[in-house]
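Shown next: work_28.tsv, given as TSV, C-alpha atoms.
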chain	number	residue	atom	x	y	z
A	1	MET	CA	-7.83	-3.58	2.95
A	2	GLU	CA	-8.04	-4.53	6.60
A	3	ILE	CA	-6.17	-2.48	9.21
A	4	THR	CA	-3.75	-5.33	9.95
A	5	GLU	CA	-2.86	-5.64	6.25
A	6	ILE	CA	-2.35	-1.88	5.95
A	7	ILE	CA	-0.07	-1.72	9.00
A	8	GLN	CA	1.99	-4.75	7.95
A	9	ASP	CA	2.48	-3.36	4.44
A	10	ALA	CA	3.30	0.16	5.67
A	11	LEU	CA	5.80	-1.06	8.27
A	12	ALA	CA	7.75	-3.01	5.63
A	13	TYR	CA	7.51	-0.32	2.93
A	14	PRO	CA	10.51	1.85	3.99
A	15	ILE	CA	12.79	-1.18	4.26
A	16	ASN	CA	11.62	-2.59	0.93
A	17	ASN	CA	12.46	0.76	-0.69
A	18	ILE	CA	15.75	1.49	1.06
A	19	LYS	CA	17.21	3.51	-1.85
A	20	ALA	CA	14.33	6.01	-1.78
A	21	PHE	CA	14.52	5.99	2.02
A	22	ILE	CA	18.17	7.06	1.91
A	23	ILE	CA	17.51	9.77	-0.72
A	24	TYR	CA	14.69	11.17	1.41
A	25	LEU	CA	16.97	11.07	4.46
A	26	ILE	CA	19.61	13.10	2.59
A	27	LEU	CA	16.96	15.68	1.62
A	28	GLY	CA	15.94	15.89	5.27
A	29	ILE	CA	19.55	16.47	6.34
A	30	ILE	CA	19.92	19.25	3.75
A	31	LEU	CA	16.69	20.82	5.02
A	32	GLY	CA	18.00	20.66	8.57
A	33	ILE	CA	21.28	22.32	7.56
A	34	ALA	CA	19.44	25.07	5.65
A	35	THR	CA	17.13	25.71	8.59
A	36	ALA	CA	20.00	25.80	11.08
A	37	GLY	CA	21.92	28.18	8.82
A	38	THR	CA	18.92	30.49	8.62
A	39	VAL	CA	18.49	30.61	12.39
A	40	GLY	CA	22.18	31.23	12.84
A	41	ALA	CA	22.25	34.08	10.33
A	42	VAL	CA	19.27	35.83	11.90
A	43	ALA	CA	20.70	35.40	15.40
A	44	ALA	CA	24.05	36.77	14.29
A	45	SER	CA	22.50	39.83	12.63
A	46	ALA	CA	22.24	41.64	15.96
A	47	ALA	CA	25.90	41.02	16.75
A	48	ILE	CA	27.56	42.15	13.51
A	49	ASP	CA	27.89	45.42	11.65
A	50	ASN	CA	26.48	44.32	8.32
A	51	VAL	CA	22.94	43.56	9.46
A	52	LEU	CA	21.49	43.63	5.94
A	53	ALA	CA	23.99	41.05	4.72
A	54	ALA	CA	23.15	38.72	7.61
A	55	LEU	CA	19.43	39.10	7.09
A	56	GLY	CA	19.94	38.53	3.36
A	57	SER	CA	21.66	35.24	4.15
A	58	GLY	CA	18.76	34.35	6.42
A	59	ILE	CA	16.24	35.04	3.66
A	60	ILE	CA	18.19	32.87	1.24
A	61	GLY	CA	18.22	30.12	3.85
A	62	VAL	CA	14.45	30.42	4.28
A	63	VAL	CA	13.90	30.17	0.51
A	64	ILE	CA	16.12	27.08	0.27
A	65	ALA	CA	14.46	25.49	3.30
A	66	LEU	CA	10.95	26.12	1.93
A	67	PHE	CA	11.94	24.81	-1.50
A	68	ILE	CA	13.26	21.54	-0.05
A	69	ALA	CA	10.34	21.27	2.38
A	70	PHE	CA	7.83	21.51	-0.48
A	71	ILE	CA	9.78	18.91	-2.48
A	72	ILE	CA	9.71	16.56	0.51
A	73	THR	CA	5.99	17.15	1.01
A	74	GLY	CA	5.36	16.48	-2.67
A	75	TYR	CA	7.35	13.26	-2.39
A	76	GLU	CA	5.17	12.21	0.55
A	77	LEU	CA	2.10	12.84	-1.63
A	78	ASP	CA	3.57	10.54	-4.28
A	79	ILE	CA	4.04	7.83	-1.64
A	80	VAL	CA	0.35	8.28	-0.75
A	81	LYS	CA	-0.55	7.98	-4.45
A	82	TYR	CA	1.46	4.78	-4.81
A	83	GLY	CA	-0.38	3.45	-1.76
A	84	ILE	CA	-3.74	4.31	-3.31
A	85	GLU	CA	-2.69	2.43	-6.44
A	86	ARG	CA	-1.23	-0.37	-4.25
A	87	ASN	CA	2.03	0.00	-6.08
A	88	SER	CA	4.80	-1.47	-3.92
A	89	ASP	CA	7.55	0.63	-5.56
A	90	ALA	CA	8.82	3.98	-4.31
A	91	PRO	CA	8.33	7.21	-6.29
A	92	GLY	CA	11.28	8.71	-8.13
A	93	ILE	CA	12.53	12.22	-7.43
A	94	ASP	CA	10.78	14.75	-9.68
A	95	ILE	CA	11.83	18.10	-8.23
A	96	VAL	CA	9.54	20.44	-10.18
A	97	ASN	CA	6.42	18.27	-10.01
A	98	GLN	CA	6.88	17.43	-6.34
A	99	PHE	CA	7.56	21.05	-5.44
A	100	ILE	CA	4.27	22.06	-7.09
A	101	LYS	CA	2.42	19.28	-5.26
A	102	GLY	CA	3.93	20.42	-1.97
A	103	VAL	CA	2.71	23.97	-2.54
A	104	LYS	CA	-0.76	22.69	-3.46
A	105	LEU	CA	-0.99	20.60	-0.28
A	106	PHE	CA	0.09	23.59	1.80
A	107	ALA	CA	-2.74	25.66	0.27
A	108	VAL	CA	-5.27	22.86	0.79
A	109	GLU	CA	-4.34	22.42	4.45
A	110	ILE	CA	-4.63	26.16	5.10
A	111	VAL	CA	-8.22	26.12	3.78
A	112	TYR	CA	-9.24	23.04	5.78
A	113	PHE	CA	-7.86	24.39	9.05
A	114	ILE	CA	-8.88	28.03	8.68
A	115	ILE	CA	-12.57	27.21	8.10
A	116	PRO	CA	-13.19	25.51	11.50
A	117	ILE	CA	-11.17	28.25	13.25
A	118	VAL	CA	-13.30	31.01	11.72
A	119	ILE	CA	-16.58	29.18	12.39
A	120	SER	CA	-15.54	28.43	15.98
A	121	ALA	CA	-14.62	32.09	16.55
A	122	ILE	CA	-18.03	33.22	15.29
A	123	LEU	CA	-19.87	30.62	17.40
A	124	ALA	CA	-17.87	31.63	20.48
A	125	VAL	CA	-19.48	35.07	20.22
A	126	ILE	CA	-22.99	33.65	19.77
A	127	PHE	CA	-23.13	30.72	22.19
A	128	GLN	CA	-22.15	30.08	25.77
A	129	HIS	CA	-18.58	29.12	26.52
A	130	TRP	CA	-19.02	25.35	26.93
A	131	VAL	CA	-21.25	25.09	23.85
A	132	SER	CA	-18.72	26.86	21.64
A	133	ILE	CA	-15.94	24.59	22.95
A	134	LEU	CA	-17.98	21.47	22.18
A	135	ILE	CA	-18.84	22.66	18.66
A	136	ALA	CA	-15.22	23.68	18.04
A	137	ALA	CA	-14.04	20.22	19.09
A	138	ILE	CA	-16.53	18.51	16.77
A	139	LEU	CA	-15.60	20.79	13.88
A	140	GLY	CA	-11.92	20.18	14.55
A	141	ILE	CA	-12.37	16.41	14.31
A	142	ILE	CA	-14.55	16.58	11.19
A	143	PHE	CA	-12.28	18.98	9.31
A	144	GLY	CA	-9.17	17.17	10.53
A	145	LEU	CA	-10.41	13.91	9.02
A	146	ALA	CA	-11.63	15.78	5.92
A	147	ALA	CA	-8.16	17.29	5.49
A	148	PHE	CA	-6.77	13.75	5.73
A	149	MET	CA	-9.09	12.74	2.89
A	150	ALA	CA	-8.24	15.90	0.93
A	151	GLN	CA	-4.57	14.92	1.06
A	152	CYS	CA	-5.49	11.58	-0.51
A	153	ARG	CA	-7.68	13.26	-3.13
A	154	LEU	CA	-4.84	15.60	-4.08
A	155	ALA	CA	-2.34	12.71	-4.20
A	156	LYS	CA	-4.69	10.69	-6.38
A	157	THR	CA	-5.43	13.36	-8.99
A	158	GLY	CA	-3.02	16.26	-8.48
A	159	ASP	CA	-6.10	18.49	-8.85
A	160	ILE	CA	-6.31	21.14	-6.13
A	161	GLY	CA	-9.98	21.78	-6.96
A	162	TYR	CA	-10.76	18.10	-6.40
A	163	ALA	CA	-8.97	18.25	-3.05
A	164	LEU	CA	-10.83	21.42	-2.03
A	165	SER	CA	-14.23	19.83	-2.62
A	166	ILE	CA	-14.92	19.83	1.12
A	167	MET	CA	-18.28	18.03	1.11
A	168	ASP	CA	-16.88	15.25	-1.09
A	169	ALA	CA	-13.89	14.95	1.25
A	170	ILE	CA	-16.28	14.63	4.19
A	171	ASP	CA	-18.23	11.98	2.26
A	172	ASP	CA	-14.95	10.10	1.80
A	173	ILE	CA	-14.70	9.79	5.59
A	174	SER	CA	-17.83	7.62	5.62
A	175	ARG	CA	-16.64	5.70	2.56
A	176	VAL	CA	-13.42	4.73	4.32
A	177	GLY	CA	-15.13	4.40	7.69
A	178	VAL	CA	-14.78	6.73	10.68
A	179	VAL	CA	-13.78	3.90	13.02
A	180	LYS	CA	-11.22	2.58	10.53
A	181	LEU	CA	-9.70	6.05	10.06
A	182	LEU	CA	-9.50	6.78	13.78
A	183	LEU	CA	-8.07	3.34	14.50
A	184	LEU	CA	-5.39	3.83	11.86
A	185	LEU	CA	-4.43	7.25	13.22
A	186	ILE	CA	-4.25	5.87	16.76
A	187	ILE	CA	-2.03	2.98	15.66
A	188	ILE	CA	0.27	5.33	13.73
A	189	PHE	CA	0.50	7.54	16.82
A	190	ILE	CA	1.29	4.62	19.11
A	191	ILE	CA	4.00	3.23	16.81
A	192	ALA	CA	5.56	6.68	16.40
A	193	PHE	CA	5.42	7.28	20.16
A	194	ILE	CA	7.14	3.96	20.93
A	195	LEU	CA	9.91	4.55	18.39
A	196	TYR	CA	10.55	8.11	19.52
A	197	PHE	CA	10.49	6.99	23.17
A	198	ILE	CA	13.21	4.42	22.42
A	199	VAL	CA	15.25	7.06	20.58
A	200	GLY	CA	14.83	9.37	23.57
A	201	LEU	CA	16.35	6.73	25.85
A	202	ILE	CA	19.26	6.28	23.43
A	203	SER	CA	19.78	10.07	23.34
A	204	GLN	CA	20.21	10.10	27.11
A	205	TRP	CA	23.04	7.59	26.68
A	206	ASN	CA	24.64	9.32	23.69
A	207	SER	CA	23.15	12.49	22.24
A	208	THR	CA	25.03	12.25	18.92
A	209	VAL	CA	23.95	8.68	18.24
A	210	GLY	CA	20.44	9.55	19.42
A	211	GLY	CA	20.25	12.51	17.05
A	212	ILE	CA	21.27	10.39	14.07
A	213	ILE	CA	18.76	7.68	14.96
A	214	MET	CA	16.09	10.36	15.52
A	215	GLY	CA	16.54	11.53	11.93
A	216	ILE	CA	16.34	7.98	10.59
A	217	VAL	CA	13.24	7.20	12.66
A	218	GLY	CA	11.60	10.45	11.54
A	219	VAL	CA	12.00	9.50	7.88
A	220	TYR	CA	10.81	5.96	8.62
A	221	ILE	CA	7.66	7.28	10.30
A	222	THR	CA	7.04	9.60	7.33
A	223	PHE	CA	7.28	6.75	4.82
A	224	PHE	CA	5.21	4.47	7.04
A	225	SER	CA	2.40	6.97	7.69
A	226	ALA	CA	2.22	8.14	4.04
A	227	ARG	CA	2.05	4.55	2.82
A	228	ALA	CA	-0.66	3.68	5.37
A	229	THR	CA	-2.61	6.80	4.36
A	230	GLY	CA	-2.64	5.78	0.72
A	231	LEU	CA	-3.59	2.19	1.45
A	232	VAL	CA	-6.52	3.13	3.68
A	233	TYR	CA	-7.86	5.34	0.86
A	234	SER	CA	-7.33	2.68	-1.81
A	235	ASP	CA	-10.79	1.18	-1.21
A	236	VAL	CA	-12.59	4.46	-1.98
Same coordinates, now as structure tokens:
Amino acid sequence: MEITEIIQDALAYPINNIKAFIIYLILGIILGIATAGTVGAVAASAAIDNVLAALGSGIIGVVIALFIAFIITGYELDIVKYGIERNSDAPGIDIVNQFIKGVKLFAVEIVYFIIPIVISAILAVIFQHWVSILIAAILGIIFGLAAFMAQCRLAKTGDIGYALSIMDAIDDISRVGVVKLLLLLIIIFIIAFILYFIVGLISQWNSTVGGIIMGIVGVYITFFSARATGLVYSDV
């Protein structure tokens, strides 16, 4: 698909699947409440007698927040998969399956981002300062794009081994096209920046209204970017 087709489809996708959009928004609100509750419990632990009870509440909040976060991440992967298949529908909620997918993606991303960090640290000891910075930047771009492809590979198959095939993921970059990938990422960034900038202006007028719209826009950007990610990989 051409970039213009991908962007047009992705922009309309959240609106065309408003029911899933609302469900995802509710999950995001629950995550926000769980996170806020965790922070509050930990902060209060220093000011109350029963420190263990407060910390226990904080741990429970963390567990709940992580559980929902992984479900949300797994749902995003399913949106990517539907994009790869060029299916215009929205995924249904499958808590167990999407939680597992979220955990897998977390593990995959750790691998893809630790490798360039370790290599860059080793090279920083061997080479001069500016050389190590240049190599680190190049590695960061390559592994960043490879991680983008790994996300698509995991969404497509659900196989963590397939996603962790780093050389194949790097090969996928050339299959999609480096220019096409970078252009897509730039466009996603610009659209997100414009929407968040508008929300920022609204927040200055009314913080409550701005906060609500910020949440809605955040979910919209998530749906939009996940859909665009799947579509750009659909030609591989």
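Of the residues listed (A:Ile22, A:Ile135, A:Ile216, A:Ala150), A:Ala150 shows the shortest atom-to-atom separation from Ile173 in chain A; distances use all atoms listed in the file.
Each of A:Val80, A:Ala192, A:Ile122, A:Ile202 was compared to Thr157 in chain A using all atoms listed in the file, and A:Val80 turns out to be the nearest.
Among the candidates A:Ala228, A:Phe67, A:Gly28, A:Ala107, the one nearest to Leu183 in chain A when counting all atoms listed in the file is A:Ala228.
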Minimum-distance residue to Leu185 in chain A, chosen among A:Asp89, A:Phe99, A:Asp172, A:Ile7 (using only C-alpha atoms): A:Ile7
Residue among A:Leu145, A:Ile133, A:Val236, A:Ile213 lying closest to Leu184 in chain A, counting all atoms listed in the file: A:Leu145
